[in-house]
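The next block is coords_8.txt, given as compact mmCIF, C-alpha atoms.
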# COMPACT_ATOMS: atom_id res chain seq x y z
CA GLY A 1 23.68 111.66 22.80
CA ASP A 2 25.94 113.06 20.13
CA SER A 3 24.74 112.82 16.53
CA VAL A 4 25.42 113.96 12.97
CA THR A 5 22.83 114.77 10.32
CA GLN A 6 23.77 115.29 6.70
CA MET A 7 21.75 115.89 3.58
CA GLU A 8 20.44 112.82 1.87
CA GLY A 9 21.54 112.03 -1.62
CA PRO A 10 22.18 111.21 -4.22
CA VAL A 11 23.40 114.60 -5.38
CA THR A 12 23.94 114.88 -9.13
CA LEU A 13 25.88 117.80 -10.61
CA SER A 14 27.54 118.67 -13.88
CA GLU A 15 31.30 119.03 -14.04
CA GLU A 16 32.53 122.48 -12.89
CA ALA A 17 29.38 123.11 -10.82
CA PHE A 18 29.50 124.42 -7.25
CA LEU A 19 29.00 121.84 -4.54
CA THR A 20 27.52 122.14 -1.07
CA ILE A 21 26.76 119.16 1.17
CA ASN A 22 25.09 120.20 4.40
CA CYS A 23 26.05 118.75 7.77
CA THR A 24 24.79 119.66 11.23
CA TYR A 25 25.66 118.10 14.55
CA THR A 26 24.46 117.73 18.11
CA ALA A 27 27.11 117.39 20.80
CA THR A 28 28.06 118.56 24.24
CA GLY A 29 31.30 120.41 24.66
CA TYR A 30 33.69 121.03 21.78
CA PRO A 31 33.90 118.10 19.38
CA SER A 32 36.30 117.72 16.48
CA LEU A 33 34.60 117.58 13.08
CA PHE A 34 35.59 115.59 10.02
CA TRP A 35 34.66 114.89 6.42
CA TYR A 36 35.57 111.46 5.10
CA VAL A 37 35.29 110.32 1.47
CA GLN A 38 34.68 106.81 0.16
CA TYR A 39 35.53 106.08 -3.48
CA PRO A 40 33.88 103.07 -5.14
CA GLY A 41 35.12 99.76 -3.75
CA GLU A 42 37.36 101.37 -1.13
CA GLY A 43 37.38 102.17 2.56
CA LEU A 44 36.85 105.64 3.97
CA GLN A 45 39.68 108.15 3.99
CA LEU A 46 39.96 111.48 5.71
CA LEU A 47 39.22 114.45 3.44
CA LEU A 48 39.54 117.30 5.95
CA LYS A 49 39.00 118.15 9.60
CA ALA A 50 38.56 121.05 12.02
CA THR A 51 39.17 120.88 15.73
CA LYS A 52 37.76 124.14 17.11
CA ALA A 53 35.17 126.81 16.34
CA ASP A 54 35.82 128.96 13.25
CA ASP A 55 38.55 126.61 12.01
CA LYS A 56 38.46 125.94 8.28
CA GLY A 57 39.56 122.53 7.04
CA SER A 58 40.64 122.24 3.41
CA ASN A 59 42.00 119.62 1.03
CA LYS A 60 41.85 118.90 -2.73
CA GLY A 61 39.78 122.06 -3.33
CA PHE A 62 37.18 121.11 -0.70
CA GLU A 63 36.54 123.34 2.32
CA ALA A 64 34.42 123.24 5.47
CA THR A 65 34.18 125.73 8.33
CA TYR A 66 33.37 124.74 11.94
CA ARG A 67 30.39 126.95 12.88
CA LYS A 68 29.55 126.52 16.55
CA GLU A 69 26.74 129.08 16.51
CA THR A 70 24.83 127.07 13.89
CA THR A 71 26.34 123.65 14.83
CA SER A 72 27.24 123.10 11.21
CA PHE A 73 30.18 121.89 9.11
CA HIS A 74 29.03 122.18 5.48
CA LEU A 75 31.30 120.81 2.75
CA GLU A 76 31.91 123.04 -0.30
CA LYS A 77 33.87 122.93 -3.52
CA GLY A 78 33.90 125.63 -6.15
CA SER A 79 34.25 123.46 -9.25
CA VAL A 80 33.66 119.72 -9.08
CA GLN A 81 35.25 117.11 -11.34
CA VAL A 82 34.08 113.68 -12.45
CA SER A 83 36.77 112.21 -10.19
CA ASP A 84 34.97 113.71 -7.16
CA SER A 85 32.15 111.17 -7.58
CA ALA A 86 32.08 109.29 -4.27
CA VAL A 87 30.21 109.00 -0.98
CA TYR A 88 30.94 111.74 1.57
CA PHE A 89 30.54 111.26 5.33
CA CYS A 90 30.39 113.98 7.95
CA ALA A 91 31.62 112.86 11.38
CA LEU A 92 32.39 114.10 14.87
CA ALA A 93 34.63 112.97 17.71
CA ASN A 94 34.08 114.01 21.28
CA ARG A 95 35.49 113.08 24.65
CA ASP A 96 35.44 109.30 24.22
CA ASP A 97 37.38 107.17 21.77
CA LYS A 98 34.69 106.85 19.10
CA ILE A 99 33.84 108.75 15.92
CA ILE A 100 30.16 109.24 15.08
CA PHE A 101 29.36 109.22 11.37
CA GLY A 102 26.46 110.62 9.41
CA LYS A 103 24.68 108.35 6.95
CA GLY A 104 26.66 109.54 3.96
CA THR A 105 25.81 111.51 0.80
CA ARG A 106 26.41 109.95 -2.60
CA LEU A 107 27.72 112.45 -5.18
CA HIS A 108 27.52 111.87 -8.95
CA ILE A 109 29.34 114.25 -11.27
CA LEU A 110 28.31 114.17 -14.93
CA PRO A 111 30.88 115.04 -17.64
CA ASN B 1 53.48 101.10 5.53
CA ALA B 2 50.53 98.95 4.51
CA GLY B 3 48.18 100.83 6.89
CA VAL B 4 45.10 98.75 7.77
CA THR B 5 44.73 95.42 6.02
CA GLN B 6 41.71 93.11 6.01
CA THR B 7 41.19 89.55 4.87
CA PRO B 8 39.33 88.19 3.05
CA LYS B 9 38.06 90.78 0.53
CA PHE B 10 34.99 88.73 -0.36
CA GLN B 11 33.21 85.85 1.34
CA VAL B 12 30.01 83.88 0.77
CA LEU B 13 28.61 81.86 3.65
CA LYS B 14 25.57 79.69 4.17
CA THR B 15 23.25 80.40 7.08
CA GLY B 16 24.68 78.87 10.25
CA GLN B 17 28.30 78.76 9.12
CA SER B 18 30.99 80.52 11.10
CA MET B 19 33.94 82.62 10.01
CA THR B 20 36.51 85.10 11.28
CA LEU B 21 37.36 88.38 9.60
CA GLN B 22 40.97 89.40 10.12
CA CYS B 23 42.31 92.92 10.55
CA ALA B 24 45.84 94.16 11.15
CA GLN B 25 47.45 97.61 11.32
CA ASP B 26 51.12 98.55 11.20
CA MET B 27 50.84 102.11 12.53
CA ASN B 28 51.30 101.24 16.23
CA HIS B 29 47.78 102.46 16.97
CA ASN B 30 46.11 101.77 20.29
CA SER B 31 42.46 101.91 19.21
CA MET B 32 40.80 99.59 16.71
CA TYR B 33 37.22 99.33 15.45
CA TRP B 34 34.86 97.11 13.50
CA TYR B 35 32.00 98.68 11.50
CA ARG B 36 29.37 97.38 9.16
CA GLN B 37 28.08 99.42 6.22
CA ASP B 38 24.61 98.85 4.84
CA PRO B 39 22.79 100.88 2.16
CA GLY B 40 21.14 103.97 3.64
CA MET B 41 22.49 103.20 7.13
CA GLY B 42 25.93 104.70 7.00
CA LEU B 43 28.54 103.10 9.24
CA ARG B 44 27.47 101.34 12.41
CA LEU B 45 29.98 100.42 15.10
CA ILE B 46 29.98 96.73 16.04
CA TYR B 47 32.84 96.53 18.57
CA TYR B 48 35.89 98.53 19.42
CA SER B 49 39.09 98.10 21.39
CA ALA B 50 40.76 101.01 23.14
CA SER B 51 43.93 99.04 23.82
CA GLU B 52 45.39 95.56 23.74
CA GLY B 53 43.36 93.29 26.01
CA THR B 54 40.22 95.43 26.12
CA THR B 55 37.08 95.31 23.98
CA ASP B 56 33.71 97.05 24.22
CA LYS B 57 30.38 96.75 22.48
CA GLY B 58 29.28 99.30 19.97
CA GLU B 59 25.86 100.02 18.48
CA VAL B 60 25.17 96.60 16.88
CA PRO B 61 27.17 93.84 18.68
CA ASN B 62 24.60 91.02 18.61
CA GLY B 63 25.77 87.97 16.65
CA TYR B 64 29.43 88.98 16.73
CA ASN B 65 32.49 88.41 18.92
CA VAL B 66 35.89 90.04 18.76
CA SER B 67 39.45 89.34 19.86
CA ARG B 68 42.24 91.85 20.28
CA LEU B 69 45.02 89.36 19.78
CA ASN B 70 47.82 91.88 20.23
CA LYS B 71 48.34 95.55 19.49
CA ARG B 72 48.36 94.95 15.71
CA GLU B 73 45.45 92.57 15.22
CA PHE B 74 41.71 92.78 15.88
CA SER B 75 39.50 89.97 14.58
CA LEU B 76 35.72 89.76 14.20
CA ARG B 77 33.96 86.40 14.47
CA LEU B 78 30.52 85.37 13.29
CA GLU B 79 29.64 82.18 15.19
CA SER B 80 26.44 81.36 13.29
CA ALA B 81 25.96 83.57 10.25
CA ALA B 82 22.50 84.91 9.37
CA PRO B 83 21.28 86.63 6.17
CA SER B 84 20.89 89.86 8.20
CA GLN B 85 24.68 89.91 8.53
CA THR B 86 25.12 90.36 4.78
CA SER B 87 27.06 93.62 4.66
CA VAL B 88 30.39 95.27 3.98
CA TYR B 89 32.65 95.16 7.05
CA PHE B 90 35.33 97.74 7.71
CA CYS B 91 38.12 97.68 10.23
CA ALA B 92 39.66 100.97 11.36
CA SER B 93 42.38 102.13 13.72
CA LYS B 94 43.26 105.34 15.53
CA SER B 95 46.35 106.28 17.47
CA GLY B 96 44.48 107.02 20.72
CA PRO B 97 41.51 108.67 22.43
CA ASN B 98 42.43 112.25 21.48
CA PRO B 99 39.39 113.53 19.55
CA TYR B 100 41.67 115.32 17.07
CA ASN B 101 42.96 112.02 15.74
CA GLU B 102 41.54 110.57 12.54
CA GLN B 103 40.58 106.96 11.96
CA PHE B 104 42.33 104.97 9.23
CA PHE B 105 40.21 102.41 7.39
CA GLY B 106 40.92 99.12 5.72
CA PRO B 107 39.57 98.27 2.24
CA GLY B 108 36.63 96.26 3.57
CA THR B 109 35.27 92.71 3.43
CA ARG B 110 32.12 92.12 1.40
CA LEU B 111 30.17 89.31 3.09
CA THR B 112 27.11 87.57 1.68
CA VAL B 113 25.13 85.11 3.80
CA LEU B 114 22.75 82.89 1.85
Represent the structure contained in this file as structure tokens.
Amino acid sequence: GDSVTQMEGPVTLSEEAFLTINCTYTATGYPSLFWYVQYPGEGLQLLLKATKADDKGSNKGFEATYRKETTSFHLEKGSVQVSDSAVYFCALANRDDKIIFGKGTRLHILP
Amino acid sequence: NAGVTQTPKFQVLKTGQSMTLQCAQDMNHNSMYWYRQDPGMGLRLIYYSASEGTTDKGEVPNGYNVSRLNKREFSLRLESAAPSQTSVYFCASKSGPNPYNEQFFGPGTRLTVL
């Protein structure tokens, strides 16, 4: 079945460092891909998405490109801030009505 | 719009007690979901409802029941709570089965079963 694998955390970086969180997927057909973010004590919220190969999703300085040849959707940000500290979930949606989530990566940004 | 709301925010139960977690959305969405979130496990789907009057099991349905009362509301019931059900529960909604559509999440209910 469909699945999502993302790098385990926690990831700890200093402010203004470059961020990459790896995500790969297994799916038949052409799924939509998402990154969700969960701030402390809150529910998940959509960060960005891409719906077809080579699409780039972007929001709040974060970017991810849908790479069908490598079945990947890595999250990147050029300069992280303390306020980016959160848990990040990679996810995919395919033909049915469900979204499949990775296990999440906790990110700590040190001032 | 309030989005997705959940009540209560926190709850402590004793083993064997029952309770219902409430969820409502005001976005006229067809699809609604219940997840549990445990450390290191990510989000696991308990039940979902593709439309009013229909419900289906997810990955971890044992020990839970659901009711899609109307298009707005989707409740989760624990008939006889067990310590293994200690978790954070999230309700979510989505406008329909189109895979492009995002899910919108509530703020969660933190449940402890003693």
Counting only C-alpha atoms, figure out which residue out of A:Ser85, A:Gln6, A:Thr65, A:Thr20 gets nearest to chain B.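 The closest residue to chain B is A:Gln6.
Residues in contact range of Asn94 (chain A), defined as at most 9 Å between all atoms listed in the file, with sequence neighbours fewer than 6 positions away removed, read Asp2, Ala27, Thr28, Gly29, Tyr30, Pro31, Ser32, Leu33 and Ile100 of chain A; Asn98, Pro99 and Tyr100 of chain B.
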Restrict the selected residues to C-alpha atoms and save them as a PDB file, keeping the file's coordinate frame.
ATOM      1  CA  ASP A   2      25.940 113.060  20.130  1.00  0.00           C
ATOM      2  CA  ALA A  27      27.110 117.390  20.800  1.00  0.00           C
ATOM      3  CA  THR A  28      28.060 118.560  24.240  1.00  0.00           C
ATOM      4  CA  GLY A  29      31.300 120.410  24.660  1.00  0.00           C
ATOM      5  CA  TYR A  30      33.690 121.030  21.780  1.00  0.00           C
ATOM      6  CA  PRO A  31      33.900 118.100  19.380  1.00  0.00           C
ATOM      7  CA  SER A  32      36.300 117.720  16.480  1.00  0.00           C
ATOM      8  CA  LEU A  33      34.600 117.580  13.080  1.00  0.00           C
ATOM      9  CA  ILE A 100      30.160 109.240  15.080  1.00  0.00           C
TER      10      ILE A 100
ATOM     11  CA  ASN B  98      42.430 112.250  21.480  1.00  0.00           C
ATOM     12  CA  PRO B  99      39.390 113.530  19.550  1.00  0.00           C
ATOM     13  CA  TYR B 100      41.670 115.320  17.070  1.00  0.00           C
TER      14      TYR B 100
END
Residues near region 53-59 of chain B, cut-off 10 Å, all atoms listed in the file, skip fewer than 5 positions along chain, as a PyMOL selection string: (chain A and resi 98) or (chain B and resi 31-35+44-48+64-71+74)
Counting all atoms listed in the file, what are the residues of chain B within 7 Å of chain A, and for each of them which pair of atoms is the nearest and at what distance in Å, to one decimal? Sort the table by chain and rising number, as JSON lines.
{"residue": "B:Gly40", "atom": "CA", "partner": "A:Lys103", "partner_atom": "CA", "distance": 6.5}
{"residue": "B:Met41", "atom": "CA", "partner": "A:Lys103", "partner_atom": "CA", "distance": 5.6}
{"residue": "B:Gly42", "atom": "CA", "partner": "A:Lys103", "partner_atom": "CA", "distance": 3.9}
{"residue": "B:Leu43", "atom": "CA", "partner": "A:Phe101", "partner_atom": "CA", "distance": 6.5}
{"residue": "B:Pro97", "atom": "CA", "partner": "A:Asp97", "partner_atom": "CA", "distance": 4.4}
{"residue": "B:Pro99", "atom": "CA", "partner": "A:Ala93", "partner_atom": "CA", "distance": 5.1}
{"residue": "B:Tyr100", "atom": "CA", "partner": "A:Ser32", "partner_atom": "CA", "distance": 5.9}
{"residue": "B:Phe104", "atom": "CA", "partner": "A:Gln45", "partner_atom": "CA", "distance": 6.7}
{"residue": "B:Phe105", "atom": "CA", "partner": "A:Gly43", "partner_atom": "CA", "distance": 5.6}
{"residue": "B:Gly106", "atom": "CA", "partner": "A:Gly43", "partner_atom": "CA", "distance": 5.6}
{"residue": "B:Pro107", "atom": "CA", "partner": "A:Gly43", "partner_atom": "CA", "distance": 4.5}
{"residue": "B:Gly108", "atom": "CA", "partner": "A:Gly43", "partner_atom": "CA", "distance": 6.0}
Next, the residues of the selection above should be written as an mmCIF file, keeping the file's coordinate frame with C-alpha atoms.
data_model
loop_
_atom_site.group_PDB
_atom_site.id
_atom_site.type_symbol
_atom_site.label_atom_id
_atom_site.label_comp_id
_atom_site.auth_asym_id
_atom_site.auth_seq_id
_atom_site.Cartn_x
_atom_site.Cartn_y
_atom_site.Cartn_z
ATOM 1 C CA GLY B 40 21.140 103.970 3.640
ATOM 2 C CA MET B 41 22.490 103.200 7.130
ATOM 3 C CA GLY B 42 25.930 104.700 7.000
ATOM 4 C CA LEU B 43 28.540 103.100 9.240
ATOM 5 C CA PRO B 97 41.510 108.670 22.430
ATOM 6 C CA PRO B 99 39.390 113.530 19.550
ATOM 7 C CA TYR B 100 41.670 115.320 17.070
ATOM 8 C CA PHE B 104 42.330 104.970 9.230
ATOM 9 C CA PHE B 105 40.210 102.410 7.390
ATOM 10 C CA GLY B 106 40.920 99.120 5.720
ATOM 11 C CA PRO B 107 39.570 98.270 2.240
ATOM 12 C CA GLY B 108 36.630 96.260 3.570
#
Write out as an mmCIF file with C-alpha atoms, in the coordinates of the input each polymer residue whose atoms come within 9 Å of Thr112 (chain B), counting only C-alpha atoms; drop sequence neighbours fewer than 3 positions from it.
data_model
loop_
_atom_site.group_PDB
_atom_site.id
_atom_site.type_symbol
_atom_site.label_atom_id
_atom_site.label_comp_id
_atom_site.auth_asym_id
_atom_site.auth_seq_id
_atom_site.Cartn_x
_atom_site.Cartn_y
_atom_site.Cartn_z
ATOM 1 C CA PHE B 10 34.990 88.730 -0.360
ATOM 2 C CA GLN B 11 33.210 85.850 1.340
ATOM 3 C CA VAL B 12 30.010 83.880 0.770
ATOM 4 C CA LEU B 13 28.610 81.860 3.650
ATOM 5 C CA LYS B 14 25.570 79.690 4.170
ATOM 6 C CA PRO B 83 21.280 86.630 6.170
ATOM 7 C CA GLN B 85 24.680 89.910 8.530
ATOM 8 C CA THR B 86 25.120 90.360 4.780
ATOM 9 C CA SER B 87 27.060 93.620 4.660
ATOM 10 C CA VAL B 88 30.390 95.270 3.980
#
Considering all atoms listed in the file, can you say which of B:Cys91, B:Leu114, B:Ala24, B:Leu76 comes closest to Pro61 (chain B)?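 For Pro61 (chain B), the nearest of the given residues is B:Leu76.
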For the atom pair CA of Leu75 (chain A) and CA of Thr109 (chain B), what is the interatomic distance in Å to one decimal place?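 These two atoms are separated by 28.4 Å.
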Determine the nearest neighbour of Glu76 (chain A) from the options A:Leu107, A:Val37, A:Ile21, A:Leu47, counting only C-alpha atoms. A:Ile21
Using CA of Gln37 (chain B) and CA of Thr5 (chain A) as the two end points, give the distance in Å to one decimal.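 Spanning CA of Gln37 (chain B) to CA of Thr5 (chain A) is a straight-line distance of 16.7 Å.
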Could you list, as a ChimeraX atom specification, every residue within 12 Å of region 78-82 of chain A, counting only C-alpha atoms and ignoring same-chain residues fewer than 3 positions away? /A:12-20,39,60-64,75,85-86,107-111
Taking all listed atoms of region 73-84 of chain A, build the axis-aligned box, pad each of the six sides by 8 Å, then write its centre and edge lengths in Å to one decimal as AutoDock Vina command-line options.
--center_x 32.9 --center_y 118.9 --center_z -1.7 --size_x 23.7 --size_y 29.4 --size_z 37.6
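As for CA of Arg106 (chain A) and CA of Ala91 (chain A), they are spaced 15.2 Å apart.
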Could you give me, as a PyMOL selection string, the residues within 7 Å of Ser80 (chain B), counting all atoms listed in the file and dropping anything in the same chain fewer than 6 positions from it? chain B and resi 16-18
Among B:Ala2, B:Leu21, B:Ala50, B:Val113, Ala81 (chain B) is approached most closely, using all atoms listed in the file, by B:Val113
